[in-house]
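Only one structure is covered here, and it is reproduced in the block below.
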Amino acid sequence: MTQTLIDIYNARAAEGHLTPDAAQAAALPELERVRYDLAHRPVSQPRGGLRGLFSKPEEPAPVHGLYLWGGVGRGKSMLMDMFFEAVRSDRKRRVHFHAFMQEIHAGLHEARKRGVDDAILPVADEVIAHVDLLCFDEMQITDITDAMIVGRLFERLFAAGVVVVTTSNRVPDDLYKDGLNRQLFLPFIDMIKNRMVVRELASDKDYRQNRLAGSPVYFTPNDHAARQAIQEIWDDLSGGDAPPLVLTVKARPVEIPAFRNGVARAGFFDLCGHPLGPADYLAIAETVKVLVLTDIPSLGRSNFNEAKRFVTLIDALYEAKVRLICSAAAQPEVLYVEGEGVFEFERTASRLREMQSADWPPAVE
């Protein structure tokens, strides 16, 4: 007999792998409904006889997806993991929403180069050919180009019977809030409400912050003990191994070496040793909620360009209220002690110090 998600959740709680949470438990029936409906949805068949040779298969029975929203660290991604693992299908995919949209834009670009009049059609059909279930982490719309294409894209996906389950930090009505030409985006919000059940995960606990509460997040010197402590934090937040995430910024790839459930890990030279700029760091800051950044060296004349990029990166993380965990050669105030830019680095050092405080990041008003 197939275990329900409620059974799996309770078993993991009993084994000590998770802390029981009433808000999480209340969301499980909706996820179980989607899993059950997918498992029992009839496979589309053409009608019998000669008519069947010339008739199209009937559309799959509609399965309403789920839009699960709530604050950072409430366990949305953990529930998504559990749900995704429980769905018995080879035609399923889980992907960060931002990365998915970058793939869509790349597909549109290729279709237009081939002279396709309506590029959205082959791009959507390529997705439909491979999946019946799409699971997205952190649906958010901040880009006008995304806002202008998601409606037609998802209309075609839904019409083909693709089921969407997504997490988000925002209620649907706040997607693309105050965005340019937002009135053109509003039909997509209506589509979400019609084709997906909208459910808030209203836990008052931030488990991600709780795991870090009272723990240092800035490790120096950058020795074996620091590396071991960083690894333990990474394993706790991410579950260990995590695939890379490639963002496309102005048609260029920007790779984060490891990313899972909003938590990213990279070395200093991964992000500051390459010619990245403000747009790249803003895209990273919009995508990640926690960044584990290792091996920050002493900064000065010998690595001035890397130091400038580091300043820009910290500014982007600070403004986006990203949680930073890092290992460095020295404390912030003595990380950059000689060469051009020492005075300007004082603000970065101050921000690094503030980002170590117990009440960082501040609550969003």
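The chains in the structure tokens are called A, B, ... from first to last as shown; in each chain the residues are counted from 1, and the ligands are counted from 1 in the order shown.
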Can you list every residue of range 85-136 of chain A that has an atom at most 12 Å from range 3-6 of chain A, with its nearest atom pair and the distance in Å to one decimal, using only C-alpha atoms, ordered by chain then number, as CSV?
```
residue,atom,partner,partner_atom,distance
A:Glu85,CA,A:Leu5,CA,9.9
A:Ala86,CA,A:Leu5,CA,7.3
A:Val87,CA,A:Leu5,CA,9.9
A:Arg88,CA,A:Gln3,CA,11.6
```
Closest pair table for range 100-214 of chain A residues within 10 Å of range 29-38 of chain A, only C-alpha atoms, as CSV:
```
residue,atom,partner,partner_atom,distance
A:Asp132,CA,A:Leu38,CA,8.7
A:Leu133,CA,A:Leu38,CA,8.5
A:Val163,CA,A:Leu38,CA,8.4
A:Val164,CA,A:Val34,CA,9.5
A:Val165,CA,A:Leu31,CA,8.5
A:Val197,CA,A:Glu30,CA,8.0
A:Val198,CA,A:Glu30,CA,9.7
A:Arg199,CA,A:Glu30,CA,8.4
```
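Restricting the calculation to only C-alpha atoms, the smallest distance between Pro187 in chain A and any of A:Phe83, A:Ile256, A:Thr166, A:Met148 is found for A:Met148.
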Point-to-point distance from CA of Met191 in chain A to CA of Leu68 in chain A, Å rounded to tenths: 15.2 Å
DSSP alpha helix (DSSP H) selection over range 88-332 of chain A, as a VMD selection string: chain A and resid 97 to 113 120 to 128 144 to 159 186 to 195 207 to 212 224 to 238 268 to 272 278 to 287 304 to 319
Same residues, C-alpha atoms, output as a tab-separated table (two decimals), in the first residue's frame:
```
chain	number	residue	atom	x	y	z
A	97	PHE	CA	11.48	29.18	-10.93
A	98	HIS	CA	14.13	31.73	-11.88
A	99	ALA	CA	16.26	29.05	-13.58
A	100	PHE	CA	13.19	27.71	-15.41
A	101	MET	CA	12.37	31.14	-16.81
A	102	GLN	CA	15.96	31.58	-17.95
A	103	GLU	CA	15.59	28.31	-19.88
A	104	ILE	CA	12.36	29.58	-21.43
A	105	HIS	CA	14.05	32.80	-22.56
A	106	ALA	CA	16.91	30.82	-24.10
A	107	GLY	CA	14.38	28.64	-25.94
A	108	LEU	CA	12.52	31.68	-27.21
A	109	HIS	CA	15.77	33.15	-28.50
A	110	GLU	CA	16.59	29.97	-30.41
A	111	ALA	CA	13.07	29.72	-31.85
A	112	ARG	CA	13.21	33.31	-33.10
A	113	LYS	CA	16.59	32.66	-34.73
A	120	ILE	CA	6.17	30.55	-27.32
A	121	LEU	CA	4.48	27.57	-29.00
A	122	PRO	CA	7.52	25.33	-29.66
A	123	VAL	CA	9.07	26.31	-26.32
A	124	ALA	CA	5.93	25.36	-24.39
A	125	ASP	CA	5.50	22.19	-26.43
A	126	GLU	CA	9.06	21.14	-25.59
A	127	VAL	CA	8.21	21.38	-21.88
A	128	ILE	CA	4.93	19.50	-22.42
A	144	ILE	CA	8.94	42.62	-17.13
A	145	THR	CA	10.00	40.14	-19.81
A	146	ASP	CA	8.98	37.26	-17.51
A	147	ALA	CA	5.73	39.03	-16.69
A	148	MET	CA	4.82	39.41	-20.35
A	149	ILE	CA	5.28	35.74	-21.31
A	150	VAL	CA	4.20	33.65	-18.30
A	151	GLY	CA	0.50	34.03	-19.09
A	152	ARG	CA	0.65	32.48	-22.56
A	153	LEU	CA	3.25	29.93	-21.47
A	154	PHE	CA	1.25	28.61	-18.54
A	155	GLU	CA	-2.03	28.77	-20.44
A	156	ARG	CA	-0.55	26.27	-22.91
A	157	LEU	CA	0.97	24.12	-20.15
A	158	PHE	CA	-2.32	23.96	-18.24
A	159	ALA	CA	-4.29	23.20	-21.42
A	186	LEU	CA	-3.24	40.32	-13.91
A	187	PRO	CA	-4.83	37.55	-16.07
A	188	PHE	CA	-1.94	35.30	-15.03
A	189	ILE	CA	-2.85	35.81	-11.37
A	190	ASP	CA	-6.44	34.83	-12.19
A	191	MET	CA	-5.12	31.75	-14.00
A	192	ILE	CA	-3.17	30.70	-10.89
A	193	LYS	CA	-6.31	31.01	-8.77
A	194	ASN	CA	-8.38	29.02	-11.28
A	195	ARG	CA	-5.92	26.19	-11.94
A	207	TYR	CA	13.39	27.04	10.93
A	208	ARG	CA	16.26	28.29	8.80
A	209	GLN	CA	16.94	31.12	11.23
A	210	ASN	CA	16.41	28.83	14.20
A	211	ARG	CA	19.14	26.50	12.93
A	212	LEU	CA	21.52	29.44	12.82
A	224	HIS	CA	40.63	23.60	9.15
A	225	ALA	CA	38.26	24.40	12.03
A	226	ALA	CA	36.55	27.09	9.93
A	227	ARG	CA	36.18	24.76	6.97
A	228	GLN	CA	34.73	22.05	9.16
A	229	ALA	CA	32.24	24.45	10.77
A	230	ILE	CA	31.17	25.77	7.37
A	231	GLN	CA	30.67	22.22	6.09
A	232	GLU	CA	28.46	21.33	9.06
A	233	ILE	CA	26.28	24.41	8.49
A	234	TRP	CA	26.03	23.64	4.77
A	235	ASP	CA	25.05	20.03	5.42
A	236	ASP	CA	22.39	21.13	7.91
A	237	LEU	CA	20.86	23.78	5.66
A	238	SER	CA	21.08	21.99	2.31
A	268	PHE	CA	35.23	33.73	-3.19
A	269	PHE	CA	36.84	33.26	-6.59
A	270	ASP	CA	33.70	31.65	-8.02
A	271	LEU	CA	31.88	34.95	-7.57
A	272	CYS	CA	34.62	37.57	-7.40
A	278	PRO	CA	26.21	44.65	-10.48
A	279	ALA	CA	23.50	42.99	-12.62
A	280	ASP	CA	25.02	39.56	-11.94
A	281	TYR	CA	25.18	40.13	-8.19
A	282	LEU	CA	21.65	41.50	-8.13
A	283	ALA	CA	20.41	38.35	-9.89
A	284	ILE	CA	22.22	36.19	-7.32
A	285	ALA	CA	20.81	38.22	-4.42
A	286	GLU	CA	17.28	37.95	-5.83
A	287	THR	CA	17.62	34.17	-6.16
A	304	PHE	CA	42.05	45.07	-6.30
A	305	ASN	CA	39.59	43.99	-9.03
A	306	GLU	CA	38.40	41.03	-6.97
A	307	ALA	CA	38.03	43.33	-3.96
A	308	LYS	CA	35.85	45.76	-5.95
A	309	ARG	CA	33.60	42.90	-7.03
A	310	PHE	CA	33.39	41.70	-3.43
A	311	VAL	CA	32.21	45.14	-2.34
A	312	THR	CA	29.50	45.09	-5.02
A	313	LEU	CA	28.47	41.57	-4.04
A	314	ILE	CA	28.13	42.48	-0.35
A	315	ASP	CA	26.09	45.58	-1.26
A	316	ALA	CA	23.68	43.42	-3.30
A	317	LEU	CA	23.35	40.81	-0.54
A	318	TYR	CA	22.86	43.48	2.12
A	319	GLU	CA	20.13	45.34	0.23
```
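Shortest separation to Lys321 in chain A among A:Ile296, A:Arg301, A:Pro362, A:Phe345 occurs at residue A:Pro362, atoms counted being only C-alpha atoms.
CA of Cys326 in chain A sits 13.0 Å away from CA of Val263 in chain A.
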Top pick for closest residue to Asp143 in chain A, considering A:Asp90, A:Asp178, A:Asp81, A:Asp117 and counting only C-alpha atoms: A:Asp178
Shell around range 18-25 of chain A at 6 Å using only C-alpha atoms, local window under 3 positions removed, as number ranges by chain: A: 13, 28, 201-203
Export of the given selection (N, CA and C atoms) as an mmCIF file, in the first residue's frame:
```
data_model
loop_
_atom_site.group_PDB
_atom_site.id
_atom_site.type_symbol
_atom_site.label_atom_id
_atom_site.label_comp_id
_atom_site.auth_asym_id
_atom_site.auth_seq_id
_atom_site.Cartn_x
_atom_site.Cartn_y
_atom_site.Cartn_z
ATOM 1 N N ALA A 13 8.982 12.563 11.487
ATOM 2 C CA ALA A 13 8.930 13.266 12.767
ATOM 3 C C ALA A 13 9.265 12.298 13.903
ATOM 4 N N LEU A 28 -0.284 19.374 4.291
ATOM 5 C CA LEU A 28 -0.067 18.046 3.707
ATOM 6 C C LEU A 28 -1.268 17.490 2.937
ATOM 7 N N LEU A 201 1.235 28.736 4.133
ATOM 8 C CA LEU A 201 1.911 27.997 5.196
ATOM 9 C C LEU A 201 2.235 29.016 6.290
ATOM 10 N N ALA A 202 1.337 29.109 7.256
ATOM 11 C CA ALA A 202 1.352 30.236 8.210
ATOM 12 C C ALA A 202 2.044 29.888 9.517
ATOM 13 N N SER A 203 3.172 29.195 9.433
ATOM 14 C CA SER A 203 3.912 28.880 10.654
ATOM 15 C C SER A 203 4.550 30.144 11.217
#
```
Which of range 218-338 of chain A fall in strand (DSSP E), as an NGL selection string: :A and (218-219 or 245-249 or 252-256 or 258-260 or 263-267 or 290-296 or 323-328)
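In this comparison, which uses only C-alpha atoms, the residue of A:Pro243, A:Ile325, A:Met196, A:Leu134 approaching Val63 in chain A most closely is A:Met196.
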